[in-house]
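Colleague: Contents are mmCIF, C-alpha atoms and all ligand atoms; file name structure25.cif:
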data_work
loop_
_atom_site.label_atom_id
_atom_site.label_comp_id
_atom_site.auth_asym_id
_atom_site.auth_seq_id
_atom_site.Cartn_x
_atom_site.Cartn_y
_atom_site.Cartn_z
CA MET G 600 43.92 -2.66 28.19
CA LEU G 601 45.39 -5.78 26.63
CA ASP G 602 44.62 -6.89 23.12
CA ALA G 603 43.22 -10.36 22.48
CA ARG G 604 46.61 -11.90 21.68
CA GLU G 605 48.19 -10.56 24.84
CA VAL G 606 45.24 -11.78 26.90
CA ALA G 607 45.63 -15.23 25.35
CA ASN G 608 49.35 -15.23 26.28
CA ARG G 609 48.60 -14.23 29.85
CA VAL G 610 45.91 -16.86 30.14
CA LYS G 611 48.36 -19.52 28.94
CA ALA G 612 50.99 -18.31 31.39
CA LEU G 613 48.49 -18.39 34.23
CA GLN G 614 47.35 -21.86 33.26
CA GLY G 615 50.98 -23.02 33.35
CA SER G 616 51.55 -21.52 36.77
CA VAL G 617 48.57 -23.10 38.47
CA GLY G 618 49.76 -25.80 40.89
CA LYS G 619 53.39 -24.88 40.26
CA SER G 620 53.96 -21.27 41.21
CA ASP G 621 53.50 -19.60 44.52
CA PRO G 622 49.77 -18.96 45.19
CA ALA G 623 50.53 -15.29 45.84
CA ASP G 624 52.06 -15.06 42.38
CA ILE G 625 48.98 -16.69 40.85
CA VAL G 626 46.69 -14.29 42.69
CA SER G 627 48.70 -11.39 41.35
CA GLN G 628 48.37 -12.76 37.81
CA ILE G 629 44.62 -13.04 38.32
CA GLU G 630 44.48 -9.47 39.60
CA THR G 631 46.37 -8.28 36.54
CA LEU G 632 43.88 -9.96 34.25
CA LYS G 633 41.04 -8.41 36.21
CA LYS G 634 42.52 -4.97 35.73
CA GLU G 635 43.90 -5.27 32.22
CA VAL G 636 41.23 -7.19 30.32
CA ALA G 637 38.39 -5.29 28.69
CA PRO G 638 35.92 -8.14 29.00
CA SER G 639 33.70 -8.94 26.04
CA GLU G 640 31.98 -12.21 25.34
CA GLU G 641 34.20 -12.76 22.35
CA ILE G 642 37.51 -12.07 24.03
CA LEU G 643 36.69 -14.25 27.06
CA ARG G 644 35.69 -17.09 24.76
CA THR G 645 38.49 -16.94 22.18
CA THR G 646 41.25 -16.54 24.75
CA LYS G 647 39.68 -19.19 27.01
CA ALA G 648 40.05 -16.68 29.87
CA GLY G 649 36.46 -17.31 30.87
CA ILE G 650 36.92 -21.05 31.16
CA LEU G 651 40.17 -20.79 33.09
CA MET G 652 38.80 -18.25 35.52
CA GLY G 653 35.70 -20.39 36.05
CA LYS G 654 37.90 -23.35 36.95
CA LEU G 655 40.05 -21.30 39.33
CA ARG G 656 36.99 -20.51 41.43
CA GLN G 657 37.22 -24.15 42.61
CA ASN G 658 40.93 -23.92 43.43
CA PRO G 659 41.80 -25.44 46.85
CA ASN G 660 43.71 -22.32 47.69
CA LYS G 661 41.16 -19.95 49.15
CA ASP G 662 42.96 -16.79 48.02
CA ILE G 663 43.07 -18.00 44.43
CA ALA G 664 39.44 -19.13 44.52
CA ARG G 665 38.27 -15.80 45.96
CA ALA G 666 40.26 -13.73 43.44
CA ALA G 667 38.92 -15.80 40.56
CA THR G 668 35.35 -15.55 41.85
CA GLU G 669 35.64 -11.75 41.91
CA VAL G 670 36.96 -11.68 38.36
CA VAL G 671 34.19 -13.96 37.09
CA ALA G 672 31.55 -11.74 38.73
CA LYS G 673 33.04 -8.63 37.14
CA TRP G 674 33.29 -10.19 33.69
CA LYS G 675 29.82 -11.70 33.85
CA LYS G 676 28.33 -8.32 34.59
CA ALA G 677 30.25 -6.70 31.74
CA VAL G 678 29.10 -9.36 29.27
CA GLU G 679 25.48 -8.99 30.35
CA GLN G 680 25.66 -5.24 29.82
CA GLU G 681 27.19 -5.82 26.40
CA LYS G 682 24.32 -8.14 25.45
CA ALA G 683 21.65 -5.72 26.68
CA ALA G 684 23.22 -2.88 24.69
CA LYS G 685 23.26 -5.00 21.53
CA LYS G 686 19.64 -6.00 21.97
CA GLY G 687 18.53 -2.40 22.50
CA LYS G 688 20.38 -1.35 19.39
CA ALA G 689 18.80 -4.14 17.31
CA SER G 690 15.27 -3.23 18.30
CA ALA G 691 15.86 0.49 17.78
CA SER G 692 17.61 0.24 14.42
CA PRO G 693 15.25 -1.49 11.95
CA ALA G 694 13.40 1.71 11.08
CA PRO G 695 15.17 2.56 7.84
CA LYS G 696 15.85 6.16 7.06
CA PRO G 697 13.01 7.32 4.81
CA ALA G 698 14.13 8.21 1.34
CA SER G 699 11.80 11.18 1.21
CA PRO G 700 10.94 13.89 3.66
CA ALA G 701 8.41 12.34 6.00
CA PRO G 702 5.50 14.55 6.89
CA LYS G 703 5.02 15.59 10.47
CA PRO G 704 3.05 12.86 12.22
CA VAL G 705 -0.06 13.62 14.18
CA ALA G 706 0.65 14.17 17.84
CA ALA G 707 -0.98 11.47 19.91
CA GLY G 708 -4.07 13.37 20.88
CA THR G 709 -7.70 12.71 21.36
CA LYS G 710 -9.13 9.74 19.53
CA LYS G 711 -12.69 10.81 20.07
CA LYS G 712 -15.20 9.51 17.59
CA PHE G 713 -16.49 12.06 15.15
CA GLU G 714 -19.98 13.18 16.06
CA GLY G 715 -21.03 15.56 13.28
CA ASP G 716 -22.62 14.72 9.95
CA PRO G 717 -20.26 12.19 8.36
CA GLU G 718 -21.64 12.98 4.91
CA LYS G 719 -20.28 16.51 5.12
CA ARG G 720 -16.85 15.76 6.47
CA LYS G 721 -13.96 17.61 4.90
CA PHE G 722 -10.67 18.65 6.41
CA GLN G 723 -11.74 22.29 6.35
CA ALA G 724 -15.02 21.50 8.10
CA ASP G 725 -13.23 19.24 10.60
CA GLY G 726 -10.81 22.07 11.40
CA VAL G 727 -7.78 20.03 10.33
CA ASP G 728 -4.47 21.65 9.53
CA VAL G 729 -3.04 19.70 6.60
CA LYS G 730 0.13 21.79 6.35
CA ARG G 731 2.50 18.97 7.16
CA THR G 732 5.10 18.80 4.43
CA GLY G 733 6.17 22.31 3.51
CA SER G 734 4.83 21.70 -0.01
CA SER G 735 1.41 23.03 -0.90
CA VAL G 736 0.93 20.28 -3.50
CA ARG G 737 1.58 17.54 -0.97
CA ASP G 738 -0.48 19.27 1.70
CA ASN G 739 -3.40 19.46 -0.72
CA CYS G 740 -3.03 15.76 -1.43
CA ILE G 741 -3.16 15.01 2.28
CA GLY G 742 -6.33 17.10 2.39
CA LEU G 743 -7.85 15.24 -0.54
CA ILE G 744 -7.15 11.83 0.97
CA TYR G 745 -8.48 13.11 4.29
CA ASN G 746 -11.73 14.09 2.57
CA GLY G 747 -11.97 10.67 0.95
CA LEU G 748 -11.29 8.76 4.16
CA ALA G 749 -13.49 10.96 6.35
CA TYR G 750 -16.46 10.77 4.01
CA ARG G 751 -19.22 8.84 5.79
CA SER G 752 -16.79 7.81 8.51
CA THR G 753 -17.07 8.36 12.27
CA GLU G 754 -13.36 7.84 12.90
CA SER G 755 -11.68 10.55 14.95
CA VAL G 756 -10.14 13.55 13.24
CA ASP G 757 -6.66 12.51 14.39
CA SER G 758 -7.00 8.94 13.13
CA VAL G 759 -8.18 10.06 9.71
CA LEU G 760 -5.43 12.66 9.44
CA GLN G 761 -2.80 10.12 10.47
CA ARG G 762 -3.95 7.72 7.74
CA ALA G 763 -4.15 10.50 5.17
CA ILE G 764 -0.56 11.45 5.95
CA GLU G 765 0.55 7.83 5.64
CA VAL G 766 -1.20 7.39 2.30
CA GLU G 767 0.22 10.62 0.88
CA HIS G 768 3.69 9.70 2.04
CA ALA G 769 3.44 6.20 0.55
CA ALA G 770 2.31 7.64 -2.78
CA PHE G 771 5.07 10.23 -2.66
CA LYS G 772 7.64 7.47 -2.20
CA ALA G 773 6.10 5.04 -4.69
CA PHE G 774 5.76 7.58 -7.50
CA ASN G 775 9.02 9.44 -6.96
CA GLY G 776 7.84 12.72 -5.57
CA GLU G 777 5.36 15.22 -6.93
CA THR G 778 5.08 13.55 -10.30
CA LYS G 779 2.12 13.31 -12.67
CA GLU G 780 1.62 9.69 -11.60
CA TYR G 781 1.63 10.72 -7.95
CA LYS G 782 -1.11 13.32 -8.52
CA GLU G 783 -3.16 10.96 -10.66
CA LYS G 784 -2.92 8.23 -8.05
CA ILE G 785 -4.04 10.55 -5.25
CA ARG G 786 -6.99 11.71 -7.36
CA SER G 787 -7.98 8.16 -8.26
CA LEU G 788 -7.77 7.02 -4.63
CA PHE G 789 -9.94 9.95 -3.60
CA GLN G 790 -12.55 9.15 -6.26
CA ASN G 791 -12.68 5.51 -5.24
CA LEU G 792 -13.06 6.45 -1.57
CA LYS G 793 -16.03 8.64 -2.46
CA VAL G 794 -18.00 5.84 -4.12
CA LYS G 795 -20.89 5.10 -1.78
CA SER G 796 -21.07 1.41 -2.56
CA ASN G 797 -17.36 1.16 -1.90
CA ALA G 798 -17.42 1.98 1.82
CA ASP G 799 -15.32 -1.07 2.67
CA LEU G 800 -12.33 0.47 0.95
CA GLY G 801 -12.05 3.43 3.33
CA LYS G 802 -12.82 1.20 6.31
CA GLY G 803 -10.02 -1.15 5.27
CA VAL G 804 -7.54 1.71 5.11
CA MET G 805 -8.69 3.14 8.44
CA SER G 806 -8.49 -0.23 10.22
CA GLY G 807 -5.01 -0.86 8.88
CA GLU G 808 -6.17 -3.94 7.01
CA ILE G 809 -5.06 -2.15 3.85
CA VAL G 810 -1.73 -0.53 4.70
CA ALA G 811 -0.83 2.71 2.94
CA GLU G 812 1.95 1.11 0.87
CA LYS G 813 -0.48 -1.45 -0.50
CA PHE G 814 -3.30 1.05 -0.95
CA VAL G 815 -1.25 3.23 -3.29
CA GLN G 816 -0.35 0.21 -5.42
CA MET G 817 -3.87 -1.19 -5.84
CA SER G 818 -5.18 -1.41 -9.40
CA SER G 819 -8.49 0.16 -10.36
CA GLN G 820 -9.93 -3.35 -10.37
CA GLU G 821 -8.73 -3.93 -6.80
CA LEU G 822 -10.02 -0.54 -5.65
CA MET G 823 -13.49 -1.34 -6.92
CA SER G 824 -16.08 -2.63 -4.50
CA ALA G 825 -16.87 -6.31 -4.50
CA GLU G 826 -20.36 -5.40 -5.71
CA MET G 827 -19.04 -3.49 -8.70
CA ARG G 828 -16.70 -6.31 -9.58
CA LYS G 829 -19.58 -8.76 -9.47
CA GLN G 830 -21.73 -6.54 -11.68
CA ASN G 831 -18.97 -6.24 -14.23
CA ALA G 832 -18.44 -9.97 -14.25
CA LEU G 833 -22.16 -10.51 -14.83
CA LEU G 834 -22.17 -8.03 -17.68
CA GLU G 835 -19.26 -9.71 -19.28
CA GLU G 836 -20.99 -13.05 -19.04
CA GLU G 837 -24.13 -11.59 -20.56
CA ASN G 838 -22.15 -10.11 -23.41
CA MET G 839 -20.66 -13.49 -24.13
CA LYS G 840 -24.15 -14.96 -24.40
CA LYS G 841 -25.35 -12.13 -26.59
CA ALA G 842 -22.45 -12.55 -28.93
CA GLN G 843 -23.51 -16.14 -29.42
CA VAL G 844 -27.09 -15.34 -30.38
CA PRO G 845 -27.69 -16.42 -34.00
CA MET G 846 -28.55 -13.61 -36.37
CA ALA G 847 -32.09 -14.90 -36.82
CA GLU G 848 -32.86 -14.03 -33.22
CA LYS G 849 -31.53 -10.55 -33.49
CA SER G 850 -33.85 -7.60 -33.82
CA MET G 851 -34.48 -6.24 -37.27
CA SER G 852 -34.71 -2.58 -38.00
CA GLU G 853 -36.07 -1.03 -41.15
CA SER G 854 -34.84 2.34 -40.02
CA LEU G 855 -31.23 1.29 -40.23
CA GLU G 856 -29.56 1.55 -43.54
CA CYS G 857 -26.61 -0.51 -44.65
CA GLY G 858 -23.68 1.72 -45.43
CA ARG G 859 -22.54 -0.56 -48.21
CA CYS G 860 -25.61 -1.68 -50.16
CA LYS G 861 -27.99 0.99 -48.85
CA LYS G 862 -30.71 -1.61 -48.18
CA ARG G 863 -32.77 -1.33 -45.03
CA MET G 864 -32.45 -4.91 -43.85
CA VAL G 865 -30.27 -4.50 -40.81
CA ALA G 866 -30.25 -6.81 -37.81
CA TYR G 867 -28.74 -5.60 -34.58
CA THR G 868 -27.95 -6.60 -31.03
CA GLN G 869 -26.82 -4.42 -28.24
CA ALA G 870 -24.27 -5.03 -25.58
CA GLN G 871 -22.67 -3.16 -22.85
CA THR G 872 -19.02 -3.64 -23.39
CA ARG G 873 -17.48 -2.44 -20.18
CA SER G 874 -19.52 -1.39 -17.19
CA ALA G 875 -23.10 -0.54 -16.47
CA ASP G 876 -22.62 3.20 -16.59
CA GLU G 877 -21.00 3.16 -19.99
CA PRO G 878 -22.92 3.49 -23.23
CA MET G 879 -24.25 0.58 -25.20
CA THR G 880 -22.52 -0.77 -28.20
CA THR G 881 -24.76 -1.87 -31.05
CA PHE G 882 -23.64 -4.64 -33.35
CA CYS G 883 -25.27 -4.44 -36.80
CA GLU G 884 -25.39 -6.81 -39.71
CA CYS G 885 -26.93 -6.19 -43.11
CA MET G 886 -29.06 -9.21 -43.97
CA ASN G 887 -28.69 -8.38 -47.65
CA CYS G 888 -24.95 -8.09 -48.15
CA ARG G 889 -23.69 -9.40 -44.80
CA HIS G 890 -21.82 -6.19 -44.10
CA ARG G 891 -21.21 -5.95 -40.35
CA TRP G 892 -20.38 -2.95 -38.21
CA LYS G 893 -20.75 -1.65 -34.74
CA VAL G 894 -21.91 1.67 -33.41
CA SER G 895 -21.05 3.08 -30.05
CA PHE G 896 -21.77 6.40 -28.46
CA PRO G 897 -19.51 8.27 -26.17
CA PRO G 898 -21.53 9.67 -23.31
CA ILE G 899 -21.91 13.21 -24.52
CA LEU G 900 -25.29 14.47 -23.58
CA LEU G 901 -26.59 16.42 -26.54
CA SER G 902 -29.78 16.46 -28.42
CA TYR G 903 -29.64 14.12 -31.34
CA HIS G 904 -31.89 16.41 -33.31
CA THR G 905 -29.08 18.86 -33.56
CA PHE G 906 -26.04 16.74 -33.50
CA ALA G 907 -26.71 13.24 -34.69
CA PRO G 908 -24.48 13.26 -37.70
CA CYS G 909 -26.50 11.40 -40.24
CA LYS G 910 -30.01 10.46 -41.15
CA ALA G 911 -29.41 6.78 -40.58
CA VAL G 912 -28.33 7.35 -37.02
CA ARG G 913 -31.25 9.63 -36.24
CA ALA G 914 -33.62 7.02 -37.50
CA TRP G 915 -31.78 4.36 -35.63
CA ILE G 916 -31.92 6.25 -32.35
CA THR G 917 -35.66 6.71 -32.64
CA ASP G 918 -36.03 3.13 -33.61
CA LEU G 919 -34.19 1.86 -30.56
CA HIS G 920 -36.40 3.90 -28.23
CA PHE G 921 -33.74 5.46 -26.23
CA GLY G 922 -33.24 8.43 -28.40
CA HIS G 923 -36.56 10.15 -28.10
CA VAL G 924 -35.82 11.20 -24.54
CA GLY G 925 -33.45 13.68 -25.99
CA ILE G 926 -30.55 12.70 -23.79
CA ILE G 927 -28.48 11.73 -26.69
CA LEU G 928 -25.23 11.46 -27.74
CA GLY G 929 -23.47 13.70 -30.12
CA LEU G 930 -20.85 11.74 -31.87
CA CYS G 931 -21.11 8.26 -33.08
CA ILE G 932 -18.52 5.91 -34.23
CA HIS G 933 -19.03 3.44 -37.00
CA VAL G 934 -16.61 0.63 -37.00
CA SER G 935 -16.64 -1.95 -39.71
CA LEU G 936 -16.25 -5.45 -38.36
ZN ZN G 1001 -25.78 -4.24 -47.04
#
Now, as a test, write the supplied structure out as structure tokens.

Modeller:
Amino acid sequence: MLDAREVANRVKALQGSVGKSDPADIVSQIETLKKEVAPSEEILRTTKAGILMGKLRQNPNKDIARAATEVVAKWKKAVEQEKAAKKGKASASPAPKPASPAPKPVAAGTKKKFEGDPEKRKFQADGVDVKRTGSSVRDNCIGLIYNGLAYRSTESVDSVLQRAIEVEHAAFKAFNGETKEYKEKIRSLFQNLKVKSNADLGKGVMSGEIVAEKFVQMSSQELMSAEMRKQNALLEEENMKKAQVPMAEKSMSESLECGRCKKRMVAYTQAQTRSADEPMTTFCECMNCRHRWKVSFPPILLSYHTFAPCKAVRAWITDLHFGHVGIILGLCIHVSL
């Protein structure tokens, strides 16, 4: 086969011969090009072989015209094949090689809706084999995500497993393998999926609205249900209002004792600082010496009779009416404001 430069030379020579040389000689030159040129779109264009051959199809000499027509047909076919091959390659190639071992995908099987009790769905109960990665840690994570996604869902076993595999794989990639962050993320996703009021989260993942790569990057705020977000916003607003209440409108307690002047003239307000299921924070102010502090209780369920650390707090708990139930709160934290 001729290289591009040689083809260009031959094309020039042929062009020079047309109308001057013997038609038989021209036909033989055309035949040579037909045999010796490996036709590609580029070579036919850059050497102008395509244009010349196209013109020669109209040559008054029938032998020349026929020879040229044959060559054009041959080249056209070759160029079309070249284009088709390129296109096939382009559509097959964009899947980048995964940087981590991809788990075995679920074979396209039955997509039958789940018909058992969706409350009790777990991969073990659904008869799902989560051994997909060769690593027991990763397989367990697939199982955990499966349990989260399947909970209260009627999606088919295969669909849920497929999504669980995608989520695990996305987390594996995003958090660089079986790291602490990877395990924490999987656990947090599972917990969020199990929140009853947060059913939209699992549905979003199952429908593909939330793709696995995005799911594993969502913040705890984003994972929360819209309802929970609204509640938290309301609480925050309420706290703002409470903080603005003048001291005169605050409740007074004679059971509370000021840590500084020991007088029992303490005003207090309560506020929930973070979310509804977290303990109250009580803001206190001594009306005598203006000492201010806050008290908050971590949610440790102990009897205050045994564990409340000081007399003032015991009195305070009784005074605020949520202590006498006995569901109290071992440690308390005094913070001076
Ligand atoms: Zn005081």

Colleague: Mind dumping a table of every chain G residue within 10 Å of ligand ZN 1001 (chain G), with the nearest atom pair and its distance in Å to one decimal, using all atoms listed in the file, sorted by chain and rising number, as JSON lines?

Modeller:
{"residue": "G:Glu856", "atom": "CA", "partner": "G:ZN1001", "partner_atom": "ZN", "distance": 7.7}
{"residue": "G:Cys857", "atom": "CA", "partner": "G:ZN1001", "partner_atom": "ZN", "distance": 4.5}
{"residue": "G:Gly858", "atom": "CA", "partner": "G:ZN1001", "partner_atom": "ZN", "distance": 6.5}
{"residue": "G:Arg859", "atom": "CA", "partner": "G:ZN1001", "partner_atom": "ZN", "distance": 5.0}
{"residue": "G:Cys860", "atom": "CA", "partner": "G:ZN1001", "partner_atom": "ZN", "distance": 4.0}
{"residue": "G:Lys861", "atom": "CA", "partner": "G:ZN1001", "partner_atom": "ZN", "distance": 6.0}
{"residue": "G:Lys862", "atom": "CA", "partner": "G:ZN1001", "partner_atom": "ZN", "distance": 5.7}
{"residue": "G:Arg863", "atom": "CA", "partner": "G:ZN1001", "partner_atom": "ZN", "distance": 7.8}
{"residue": "G:Met864", "atom": "CA", "partner": "G:ZN1001", "partner_atom": "ZN", "distance": 7.4}
{"residue": "G:Val865", "atom": "CA", "partner": "G:ZN1001", "partner_atom": "ZN", "distance": 7.7}
{"residue": "G:Glu884", "atom": "CA", "partner": "G:ZN1001", "partner_atom": "ZN", "distance": 7.8}
{"residue": "G:Cys885", "atom": "CA", "partner": "G:ZN1001", "partner_atom": "ZN", "distance": 4.5}
{"residue": "G:Met886", "atom": "CA", "partner": "G:ZN1001", "partner_atom": "ZN", "distance": 6.7}
{"residue": "G:Asn887", "atom": "CA", "partner": "G:ZN1001", "partner_atom": "ZN", "distance": 5.1}
{"residue": "G:Cys888", "atom": "CA", "partner": "G:ZN1001", "partner_atom": "ZN", "distance": 4.1}
{"residue": "G:Arg889", "atom": "CA", "partner": "G:ZN1001", "partner_atom": "ZN", "distance": 6.0}
{"residue": "G:His890", "atom": "CA", "partner": "G:ZN1001", "partner_atom": "ZN", "distance": 5.3}
{"residue": "G:Arg891", "atom": "CA", "partner": "G:ZN1001", "partner_atom": "ZN", "distance": 8.3}

Colleague: Which of these residues is nearest to Gly726 in chain G, using only C-alpha atoms: G:Glu635, G:Glu835, G:Asp757, G:Asp602?

Modeller: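 Of G:Glu635, G:Glu835, G:Asp757, G:Asp602, the one nearest Gly726 in chain G is G:Asp757, counting only C-alpha atoms.
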
Colleague: Pick out the closest residue to Glu754 in chain G from this set: G:Asp716, G:Asp738, G:Glu777, G:Glu821. Count only C-alpha atoms.

Modeller: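 Ranking G:Asp716, G:Asp738, G:Glu777, G:Glu821 by distance to Glu754 in chain G, first place goes to G:Asp716.
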
Colleague: List the neighbours of Ala866 in chain G out to 6 Å using all atoms listed in the file; skip same-chain residues closer than 2 positions along the sequence, and give me the result as a PyMOL selection string.

Modeller: chain G and resi 849-851+883-884

Colleague: With distances taken over only C-alpha atoms, which of G:Leu833, G:Val804, G:Ala724, G:Ala607 is nearest to Ala763 in chain G?

Modeller: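 Checking each candidate against Ala763 in chain G, we get G:Val804 as the closest.
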
Colleague: Between G:Asp725, G:Pro659, G:Arg609, G:Gly649, which residue has the minimum interatomic distance to Ala672 in chain G, considering all atoms listed in the file?

Modeller: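 Answer, going by the shortest atom-to-atom distance: G:Gly649.
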
Colleague: Residues near Gln723 in chain G, anyone? I mean within 10 Å using all atoms listed in the file, not counting same-chain ones fewer than 5 positions away, as a list in words.

Modeller: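 Here the answer would be Asp728, Val729, Gly742, Tyr745 and Asn746 of chain G.
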
Colleague: Pick the closest to Gln761 in chain G from G:Ser806, G:Ser796, G:Thr778, G:Ser735: which is it, counting all atoms listed in the file?

Modeller: G:Ser806

Colleague: Of the candidates G:Lys654, G:Lys619, G:Lys784, G:Arg720, which one gets nearest to Ala769 in chain G if we count all atoms listed in the file?

Modeller: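 Among the listed residues, the smallest separation from Ala769 in chain G belongs to G:Lys784.
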
Colleague: Expressed in Å to a single decimal, how great is the separation between CA of Gly715 in chain G and CA of Ser752 in chain G?

Modeller: 10.0 Å

Colleague: Just the number, please: distance in Å from CA of Arg656 in chain G to CA of Asp624 in chain G, one decimal.

Modeller: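 Those two atoms sit 16.1 Å apart.
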
Colleague: Give as a ChimeraX atom specification the set of residues within 9 Å of the point (-12.7, 13.0, 12.7), where distances use the file's coordinates and all atoms listed in the file.

Modeller: /G:710-715,717,720,722,725,727,749,752-760

Colleague: Hey, can you spit out that residue selection with C-alpha atoms as an mmCIF file, in the coordinates of the input?

Modeller:
data_model
loop_
_atom_site.group_PDB
_atom_site.id
_atom_site.type_symbol
_atom_site.label_atom_id
_atom_site.label_comp_id
_atom_site.auth_asym_id
_atom_site.auth_seq_id
_atom_site.Cartn_x
_atom_site.Cartn_y
_atom_site.Cartn_z
ATOM 1 C CA LYS G 710 -9.130 9.740 19.530
ATOM 2 C CA LYS G 711 -12.690 10.810 20.070
ATOM 3 C CA LYS G 712 -15.200 9.510 17.590
ATOM 4 C CA PHE G 713 -16.490 12.060 15.150
ATOM 5 C CA GLU G 714 -19.980 13.180 16.060
ATOM 6 C CA GLY G 715 -21.030 15.560 13.280
ATOM 7 C CA PRO G 717 -20.260 12.190 8.360
ATOM 8 C CA ARG G 720 -16.850 15.760 6.470
ATOM 9 C CA PHE G 722 -10.670 18.650 6.410
ATOM 10 C CA ASP G 725 -13.230 19.240 10.600
ATOM 11 C CA VAL G 727 -7.780 20.030 10.330
ATOM 12 C CA ALA G 749 -13.490 10.960 6.350
ATOM 13 C CA SER G 752 -16.790 7.810 8.510
ATOM 14 C CA THR G 753 -17.070 8.360 12.270
ATOM 15 C CA GLU G 754 -13.360 7.840 12.900
ATOM 16 C CA SER G 755 -11.680 10.550 14.950
ATOM 17 C CA VAL G 756 -10.140 13.550 13.240
ATOM 18 C CA ASP G 757 -6.660 12.510 14.390
ATOM 19 C CA SER G 758 -7.000 8.940 13.130
ATOM 20 C CA VAL G 759 -8.180 10.060 9.710
ATOM 21 C CA LEU G 760 -5.430 12.660 9.440
#

Colleague: Mind giving me the straight-line distance from CA of Ile642 in chain G to CA of Arg604 in chain G in Å, one decimal?

Modeller: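 Going from CA of Ile642 in chain G over to CA of Arg604 in chain G covers 9.4 Å.
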
Colleague: So that I can see what lies close to Val636 in chain G, please list as a PyMOL selection string the residues with an atom at most 10 Å from it, counting all atoms listed in the file and leaving out residues fewer than 3 positions away in the same chain.

Modeller: chain G and resi 600-603+605-606+631-633+639+642-643+648+674
